[in-house]
file coords_20.txt (compact mmCIF, C-alpha atoms)
# COMPACT_ATOMS: atom_id res chain seq x y z
CA MET A 1 -78.00 3.49 -49.34
CA ASN A 2 -81.14 3.62 -51.49
CA ARG A 3 -80.08 7.08 -52.70
CA PHE A 4 -77.09 5.42 -54.38
CA LYS A 5 -79.37 3.16 -56.44
CA TYR A 6 -80.78 6.12 -58.33
CA THR A 7 -77.40 7.76 -58.88
CA VAL A 8 -75.92 4.50 -60.12
CA ALA A 9 -78.92 3.88 -62.40
CA ALA A 10 -78.53 7.32 -63.99
CA ILE A 11 -74.77 7.20 -64.26
CA ALA A 12 -74.68 3.65 -65.64
CA LEU A 13 -76.48 4.95 -68.72
CA LEU A 14 -73.49 7.11 -69.65
CA ALA A 15 -71.14 5.33 -72.01
CA PRO A 16 -68.96 6.44 -74.87
CA THR A 17 -70.62 6.07 -78.26
CA SER A 18 -69.78 7.31 -81.71
CA ALA A 19 -72.42 10.08 -81.34
CA PHE A 20 -70.36 11.77 -78.61
CA ALA A 21 -66.83 13.10 -78.32
CA ASP A 22 -65.09 11.95 -75.16
CA GLU A 23 -61.92 12.87 -73.28
CA THR A 24 -60.12 10.52 -70.89
CA MET A 25 -60.02 12.00 -67.39
CA GLY A 26 -58.34 9.08 -65.65
CA VAL A 27 -58.05 5.34 -65.12
CA ILE A 28 -59.53 2.76 -62.76
CA SER A 29 -57.79 -0.61 -62.72
CA ALA A 30 -58.67 -3.68 -60.69
CA VAL A 31 -58.59 -7.43 -60.44
CA PHE A 32 -62.17 -8.70 -60.73
CA TYR A 33 -62.95 -12.44 -60.88
CA GLU A 34 -59.18 -12.98 -60.91
CA THR A 35 -58.94 -11.01 -64.16
CA PRO A 36 -56.99 -7.72 -64.45
CA MET A 37 -59.26 -5.03 -65.90
CA GLU A 38 -58.87 -1.36 -66.80
CA TRP A 39 -61.52 1.32 -67.29
CA ARG A 40 -61.43 4.99 -68.26
CA THR A 41 -63.24 7.83 -66.55
CA ILE A 42 -64.32 10.23 -69.26
CA ALA A 43 -65.78 13.64 -69.98
CA ILE A 44 -68.48 13.45 -72.64
CA ASP A 45 -69.25 16.36 -74.95
CA ASP A 46 -72.35 16.53 -77.05
CA GLU A 47 -73.74 19.56 -78.83
CA ALA A 48 -75.66 20.82 -75.79
CA GLU A 49 -73.54 20.06 -72.71
CA ARG A 50 -70.52 18.41 -71.13
CA ASP A 51 -70.93 15.56 -68.66
CA SER A 52 -68.44 13.43 -66.78
CA THR A 53 -68.29 9.89 -65.45
CA ALA A 54 -66.13 11.22 -62.58
CA THR A 55 -67.97 13.86 -60.54
CA LEU A 56 -68.04 15.26 -57.02
CA TYR A 57 -71.60 16.29 -56.13
CA LEU A 58 -71.82 19.03 -53.50
CA GLY A 59 -75.04 18.89 -51.47
CA PRO A 60 -76.30 20.58 -48.33
CA GLY A 61 -74.32 18.89 -45.56
CA PHE A 62 -72.92 16.05 -47.69
CA GLU A 63 -70.67 15.43 -50.70
CA THR A 64 -70.61 12.39 -52.98
CA LEU A 65 -67.70 11.40 -55.21
CA SER A 66 -68.90 9.20 -58.06
CA LEU A 67 -66.40 7.46 -60.33
CA GLN A 68 -67.72 5.44 -63.26
CA GLY A 69 -65.21 3.57 -65.37
CA VAL A 70 -66.07 2.50 -68.91
CA ALA A 71 -64.28 0.27 -71.42
CA GLU A 72 -65.11 -1.40 -74.71
CA ASN A 73 -66.27 -5.00 -74.37
CA ALA A 74 -65.98 -4.86 -70.57
CA PRO A 75 -68.37 -4.31 -67.67
CA THR A 76 -68.82 -0.82 -66.22
CA ILE A 77 -67.49 -0.13 -62.72
CA VAL A 78 -69.05 2.43 -60.36
CA ILE A 79 -67.44 3.62 -57.13
CA GLU A 80 -69.57 5.95 -54.97
CA VAL A 81 -68.17 7.59 -51.84
CA LEU A 82 -70.54 9.54 -49.56
CA TYR A 83 -69.28 12.04 -47.00
CA PHE A 84 -71.37 13.84 -44.41
CA GLY A 85 -69.63 17.18 -44.44
CA THR A 86 -66.64 17.76 -46.68
CA ALA A 87 -64.94 15.16 -48.88
CA SER A 88 -61.28 15.06 -47.86
CA ILE A 89 -58.49 12.68 -46.94
CA ALA A 90 -58.88 13.81 -43.31
CA ASN A 91 -62.57 12.79 -43.17
CA ALA A 92 -63.56 9.12 -43.28
CA PRO A 93 -66.32 8.38 -45.81
CA THR A 94 -69.77 7.75 -44.37
CA GLU A 95 -70.57 5.11 -46.99
CA VAL A 96 -68.80 3.44 -49.90
CA LEU A 97 -70.55 1.52 -52.68
CA ILE A 98 -68.72 -0.42 -55.40
CA SER A 99 -70.60 -2.10 -58.26
CA VAL A 100 -69.69 -3.80 -61.52
CA PHE A 101 -72.30 -3.90 -64.31
CA PRO A 102 -71.62 -6.40 -67.14
CA GLY A 103 -74.88 -5.50 -68.91
CA GLY A 104 -77.13 -2.77 -67.56
CA PHE A 105 -78.37 -1.67 -64.17
CA MET A 106 -81.41 -3.95 -64.18
CA GLU A 107 -79.35 -6.89 -65.44
CA ARG A 108 -77.43 -9.21 -63.14
CA HIS A 109 -74.50 -7.29 -61.66
CA TRP A 110 -72.14 -7.38 -58.67
CA THR A 111 -72.38 -4.92 -55.79
CA SER A 112 -71.11 -4.25 -52.28
CA GLU A 113 -74.50 -2.79 -51.34
CA ASP A 114 -76.25 -4.82 -48.62
CA VAL A 115 -73.21 -7.14 -48.30
CA GLU A 116 -72.59 -7.04 -44.56
CA LEU A 117 -69.95 -9.79 -44.61
CA ARG A 118 -67.26 -7.22 -45.48
CA GLN A 119 -67.53 -3.45 -45.80
CA PRO A 120 -65.93 -1.93 -48.92
CA GLU A 121 -62.64 -0.15 -48.31
CA ILE A 122 -61.31 2.97 -49.99
CA SER A 123 -58.14 4.92 -49.31
CA PHE A 124 -57.15 8.21 -50.92
CA SER A 125 -53.56 9.31 -51.45
CA THR A 126 -54.93 12.44 -53.23
CA LEU A 127 -58.34 14.10 -52.96
CA ASP A 128 -58.15 17.76 -53.93
CA TYR A 129 -60.76 19.98 -55.54
CA THR A 130 -62.09 23.45 -56.19
CA ILE A 131 -65.40 24.41 -57.78
CA ASP A 132 -63.65 24.07 -61.18
CA GLY A 133 -62.72 20.38 -60.71
CA GLY A 134 -60.43 18.07 -58.81
CA THR A 135 -58.21 15.02 -58.70
CA ALA A 136 -58.48 11.74 -56.82
CA GLU A 137 -55.98 8.91 -56.46
CA GLY A 138 -56.21 5.89 -54.24
CA THR A 139 -57.05 2.22 -53.76
CA PHE A 140 -60.20 0.21 -53.10
CA ALA A 141 -61.27 -3.31 -52.19
CA ALA A 142 -64.63 -4.97 -51.65
CA LEU A 143 -66.57 -8.17 -51.55
CA LEU A 144 -69.15 -7.99 -54.35
CA CYS A 145 -72.21 -10.22 -54.54
CA ALA A 146 -74.56 -10.84 -57.45
CA ARG A 147 -77.84 -8.92 -57.73
CA ALA A 148 -80.44 -8.50 -60.48
CA GLY A 149 -82.01 -5.04 -60.49
CA PHE A 150 -83.31 -4.28 -57.01
CA ASP A 151 -83.52 -7.94 -55.92
CA GLU A 152 -81.78 -9.13 -52.78
CA VAL A 153 -78.07 -9.78 -53.14
CA ASP A 154 -77.11 -13.43 -53.58
CA LEU A 155 -74.64 -14.06 -50.74
CA ASN A 156 -73.82 -17.45 -52.33
CA ASP A 157 -72.46 -15.78 -55.50
CA CYS A 158 -69.70 -13.39 -54.41
CA THR A 159 -66.22 -12.40 -55.52
CA THR A 160 -63.62 -9.86 -54.47
CA ILE A 161 -62.39 -6.80 -56.31
CA GLU A 162 -59.20 -4.89 -55.54
CA GLY A 163 -57.81 -1.97 -57.44
CA GLN A 164 -56.66 1.60 -57.76
CA PHE A 165 -57.78 4.79 -59.44
CA SER A 166 -56.20 8.03 -60.64
CA THR A 167 -58.55 10.56 -62.20
CA ARG A 168 -59.59 14.13 -62.59
CA PHE A 169 -63.23 14.85 -61.77
CA ALA A 170 -65.89 17.49 -62.36
CA VAL A 171 -67.58 19.31 -59.47
CA GLN A 172 -71.33 19.97 -59.47
CA GLU A 173 -73.28 21.98 -56.91
call {"tool": "encode", "arguments": {"input": "coords_20.txt", "output": "C-alpha cells"}}
result
Amino acid sequence: MNRFKYTVAAIALLAPTSAFADETMGVISAVFYETPMEWRTIAIDDEAERDSTATLYLGPGFETLSLQGVAENAPTIVIEVLYFGTASIANAPTEVLISVFPGGFMERHWTSEDVELRQPEISFSTLDYTIDGGTAEGTFAALLCARAGFDEVDLNDCTTIEGQFSTRFAVQE
C-alpha cells in the first residue's frame, strides 16, 4: 500500500483556512480512543480551482475513493478504499486504509496500514457516481496503531475506531 502513503500525504495538507471558501459535502463520525468525534468532508474553492477532501479517482484498471474528514481542534481522518476494476457495492474493495492524523503526516499518527492483527472493514449502503460526482454512505471499523512518518507501526500502541460516513464526492479521471 505504499501508493496510499503519497495520496494521504498530499491530501492531509488540505484543511479549511480563512484564505479559502469551503462547502460541507458530508460527515464522518466515529468513536476514536473511546471519544465520539465528527469531521466534515469539504469542497474547497480558491481563486484558481476547486478541490475536495472527498474524491473518487478513476485510474486505468482501478478506482480509489478517498475521504478526508476535517474539524477544528481535532485530528484529521483519512479513509482510502482501493478497487481493482470499478468501485461499487457489488465489488469488494481490494484494500482499505484508515488513518487519523492529530498533527501532520510526518507527526505521530494512527493507521491501519501494516497492521496485520485485524484488517480494516468498510461497508457501503450507498456508493453511486457519474463523472459529475457521487455519494457514499456506510460504516467502517479498524484497529489503528501508532506510527511516526514512515516508521514501522508500534503494535504495542493501538486502539480501535468505529464509525459511519455520509458524503457527496468529486470524481477525477
call {"tool": "closest_atom_pairs", "arguments": {"input": "coords_20.txt", "of": "segment 129-173 of chain A", "to": "segment 78-87 of chain A", "cutoff": "12 Å", "atoms": "all atoms listed in the file", "output": "tab-separated table"}}
result
residue	atom	partner	partner_atom	distance
A:Tyr129	CA	A:Ala87	CA	9.2
A:Thr130	CA	A:Ala87	CA	11.4
A:Gly134	CA	A:Ala87	CA	11.3
A:Thr135	CA	A:Ala87	CA	11.9
A:Ala136	CA	A:Ala87	CA	10.8
A:Gly138	CA	A:Ile79	CA	11.8
A:Thr139	CA	A:Ile79	CA	11.0
A:Phe140	CA	A:Ile79	CA	9.0
A:Ala141	CA	A:Ile79	CA	10.5
A:Ala142	CA	A:Ile79	CA	10.6
A:Ile161	CA	A:Ile79	CA	11.6
A:Glu162	CA	A:Ile79	CA	12.0
A:Gly163	CA	A:Ile79	CA	11.1
A:Gln164	CA	A:Ile79	CA	11.0
A:Phe165	CA	A:Ile79	CA	10.0
A:Val171	CA	A:Ala87	CA	11.7
call {"tool": "residues_around", "arguments": {"input": "coords_20.txt", "residues": "Pro120 of chain A", "least_positions_apart": "6", "cutoff": "9 Å", "atoms": "all atoms listed in the file", "output": "list in words"}}
result
Glu95, Val96, Leu97, Ile98, Ser112, Glu113, Phe140, Ala141, Ala142, Leu143 and Leu144 of chain A
call {"tool": "closest_residue", "arguments": {"input": "coords_20.txt", "among": "A:Thr160, A:Thr167, A:Thr35, A:Ser52", "to": "Ser125 of chain A", "atoms": "only C-alpha atoms"}}
result
A:Thr167
call {"tool": "residues_near_point", "arguments": {"input": "coords_20.txt", "point": "(-60.7, 6.7, -47.7)", "cutoff": "7 Å", "atoms": "all atoms listed in the file", "output": "PDB file with C-alpha atoms, in the frame of the given file"}}
result
ATOM      1  CA  ILE A  89     -58.490  12.680 -46.940  1.00  0.00           C
ATOM      2  CA  ALA A  92     -63.560   9.120 -43.280  1.00  0.00           C
ATOM      3  CA  PRO A  93     -66.320   8.380 -45.810  1.00  0.00           C
ATOM      4  CA  ILE A 122     -61.310   2.970 -49.990  1.00  0.00           C
ATOM      5  CA  SER A 123     -58.140   4.920 -49.310  1.00  0.00           C
ATOM      6  CA  PHE A 124     -57.150   8.210 -50.920  1.00  0.00           C
TER       7      PHE A 124
END
call {"tool": "residues_around", "arguments": {"input": "coords_20.txt", "residues": "Ser166 of chain A", "least_positions_apart": "5", "cutoff": "6 Å", "atoms": "all atoms listed in the file", "output": "VMD selection string"}}
result
chain A and resid 26 to 27 136 to 137
call {"tool": "residues_around", "arguments": {"input": "coords_20.txt", "residues": "Ile77 of chain A", "least_positions_apart": "6", "cutoff": "12 Å", "atoms": "only C-alpha atoms", "output": "PyMOL selection string"}}
result
chain A and resi 8+11-15+27-32+37-41+53-54+66-71+97-105+109-112+144+161-163+165
call {"tool": "closest_residue", "arguments": {"input": "coords_20.txt", "among": "A:Val115, A:Cys158, A:Leu58, A:Val153", "to": "Glu173 of chain A", "atoms": "all atoms listed in the file"}}
result
A:Leu58
call {"tool": "atom_distance", "arguments": {"input": "coords_20.txt", "atom1": "atom CA of Asp46 of chain A", "atom2": "atom CA of Pro75 of chain A"}}
result
23.2 Å
call {"tool": "residues_around", "arguments": {"input": "coords_20.txt", "residues": "Gln172 of chain A", "least_positions_apart": "4", "cutoff": "9 Å", "atoms": "only C-alpha atoms", "output": "list in words"}}
result
Thr55, Leu56, Tyr57, Leu58, Gly59, Ile131, Asp132 and Gly133 of chain A
call {"tool": "atom_distance", "arguments": {"input": "coords_20.txt", "atom1": "atom CA of Ala43 of chain A", "atom2": "atom CA of Glu72 of chain A"}}
result
15.8 Å
call {"tool": "closest_residue", "arguments": {"input": "coords_20.txt", "among": "A:Asp128, A:Glu49, A:Glu116, A:Glu121", "to": "Leu155 of chain A", "atoms": "all atoms listed in the file"}}
result
A:Glu116
call {"tool": "atom_distance", "arguments": {"input": "coords_20.txt", "atom1": "atom CA of Leu117 of chain A", "atom2": "atom CA of Cys145 of chain A"}}
result
10.2 Å
call {"tool": "axis_aligned_box", "arguments": {"input": "coords_20.txt", "around": "segment 155-167 of chain A", "padding_each_side": "4 Å", "output": "AutoDock Vina command-line options"}}
result
--center_x -65.4 --center_y -3.4 --center_z -56.5 --size_x 26.4 --size_y 36.0 --size_z 19.5
call {"tool": "decode", "arguments": {"input": "coords_20.txt", "residues": "segment 146-161 of chain A", "atoms": "N, CA and C atoms", "output": "PDB file, in the first residue's frame"}}
result
ATOM      1  N   ALA A 146      -0.035   3.219  16.312  1.00  0.00           N
ATOM      2  CA  ALA A 146       0.746   4.449  16.206  1.00  0.00           C
ATOM      3  C   ALA A 146       1.898   4.284  15.217  1.00  0.00           C
ATOM      4  N   ARG A 147       2.189   5.383  14.499  1.00  0.00           N
ATOM      5  CA  ARG A 147       3.313   5.434  13.566  1.00  0.00           C
ATOM      6  C   ARG A 147       3.768   6.886  13.478  1.00  0.00           C
ATOM      7  N   ALA A 148       5.060   7.091  13.350  1.00  0.00           N
ATOM      8  CA  ALA A 148       5.617   8.421  13.094  1.00  0.00           C
ATOM      9  C   ALA A 148       6.173   8.417  11.681  1.00  0.00           C
ATOM     10  N   GLY A 149       5.636   9.264  10.823  1.00  0.00           N
ATOM     11  CA  GLY A 149       6.096   9.333   9.433  1.00  0.00           C
ATOM     12  C   GLY A 149       6.010   7.988   8.757  1.00  0.00           C
ATOM     13  N   PHE A 150       7.149   7.522   8.228  1.00  0.00           N
ATOM     14  CA  PHE A 150       7.193   6.228   7.541  1.00  0.00           C
ATOM     15  C   PHE A 150       7.787   5.133   8.418  1.00  0.00           C
ATOM     16  N   ASP A 151       7.943   5.392   9.734  1.00  0.00           N
ATOM     17  CA  ASP A 151       8.486   4.387  10.634  1.00  0.00           C
ATOM     18  C   ASP A 151       7.565   3.172  10.686  1.00  0.00           C
ATOM     19  N   GLU A 152       8.062   2.105  11.279  1.00  0.00           N
ATOM     20  CA  GLU A 152       7.244   0.919  11.493  1.00  0.00           C
ATOM     21  C   GLU A 152       6.101   1.264  12.453  1.00  0.00           C
ATOM     22  N   VAL A 153       4.972   0.589  12.291  1.00  0.00           N
ATOM     23  CA  VAL A 153       3.877   0.801  13.232  1.00  0.00           C
ATOM     24  C   VAL A 153       4.255   0.201  14.580  1.00  0.00           C
ATOM     25  N   ASP A 154       3.776   0.822  15.645  1.00  0.00           N
ATOM     26  CA  ASP A 154       4.020   0.345  17.001  1.00  0.00           C
ATOM     27  C   ASP A 154       2.837  -0.526  17.405  1.00  0.00           C
ATOM     28  N   LEU A 155       2.995  -1.837  17.309  1.00  0.00           N
ATOM     29  CA  LEU A 155       1.904  -2.765  17.612  1.00  0.00           C
ATOM     30  C   LEU A 155       1.582  -2.816  19.102  1.00  0.00           C
ATOM     31  N   ASN A 156       2.364  -2.115  19.931  1.00  0.00           N
ATOM     32  CA  ASN A 156       2.080  -2.032  21.370  1.00  0.00           C
ATOM     33  C   ASN A 156       1.281  -0.783  21.720  1.00  0.00           C
ATOM     34  N   ASP A 157       0.986   0.049  20.714  1.00  0.00           N
ATOM     35  CA  ASP A 157       0.226   1.286  20.935  1.00  0.00           C
ATOM     36  C   ASP A 157      -0.900   1.349  19.907  1.00  0.00           C
ATOM     37  N   CYS A 158      -1.981   0.630  20.189  1.00  0.00           N
ATOM     38  CA  CYS A 158      -3.088   0.513  19.232  1.00  0.00           C
ATOM     39  C   CYS A 158      -4.417   0.852  19.892  1.00  0.00           C
ATOM     40  N   THR A 159      -5.368   1.225  19.082  1.00  0.00           N
ATOM     41  CA  THR A 159      -6.726   1.494  19.544  1.00  0.00           C
ATOM     42  C   THR A 159      -7.687   1.172  18.403  1.00  0.00           C
ATOM     43  N   THR A 160      -8.951   1.061  18.713  1.00  0.00           N
ATOM     44  CA  THR A 160      -9.938   0.802  17.672  1.00  0.00           C
ATOM     45  C   THR A 160     -10.632   2.101  17.273  1.00  0.00           C
ATOM     46  N   ILE A 161     -11.194   2.058  16.083  1.00  0.00           N
ATOM     47  CA  ILE A 161     -12.048   3.142  15.601  1.00  0.00           C
ATOM     48  C   ILE A 161     -13.242   2.485  14.921  1.00  0.00           C
TER      49      ILE A 161
END
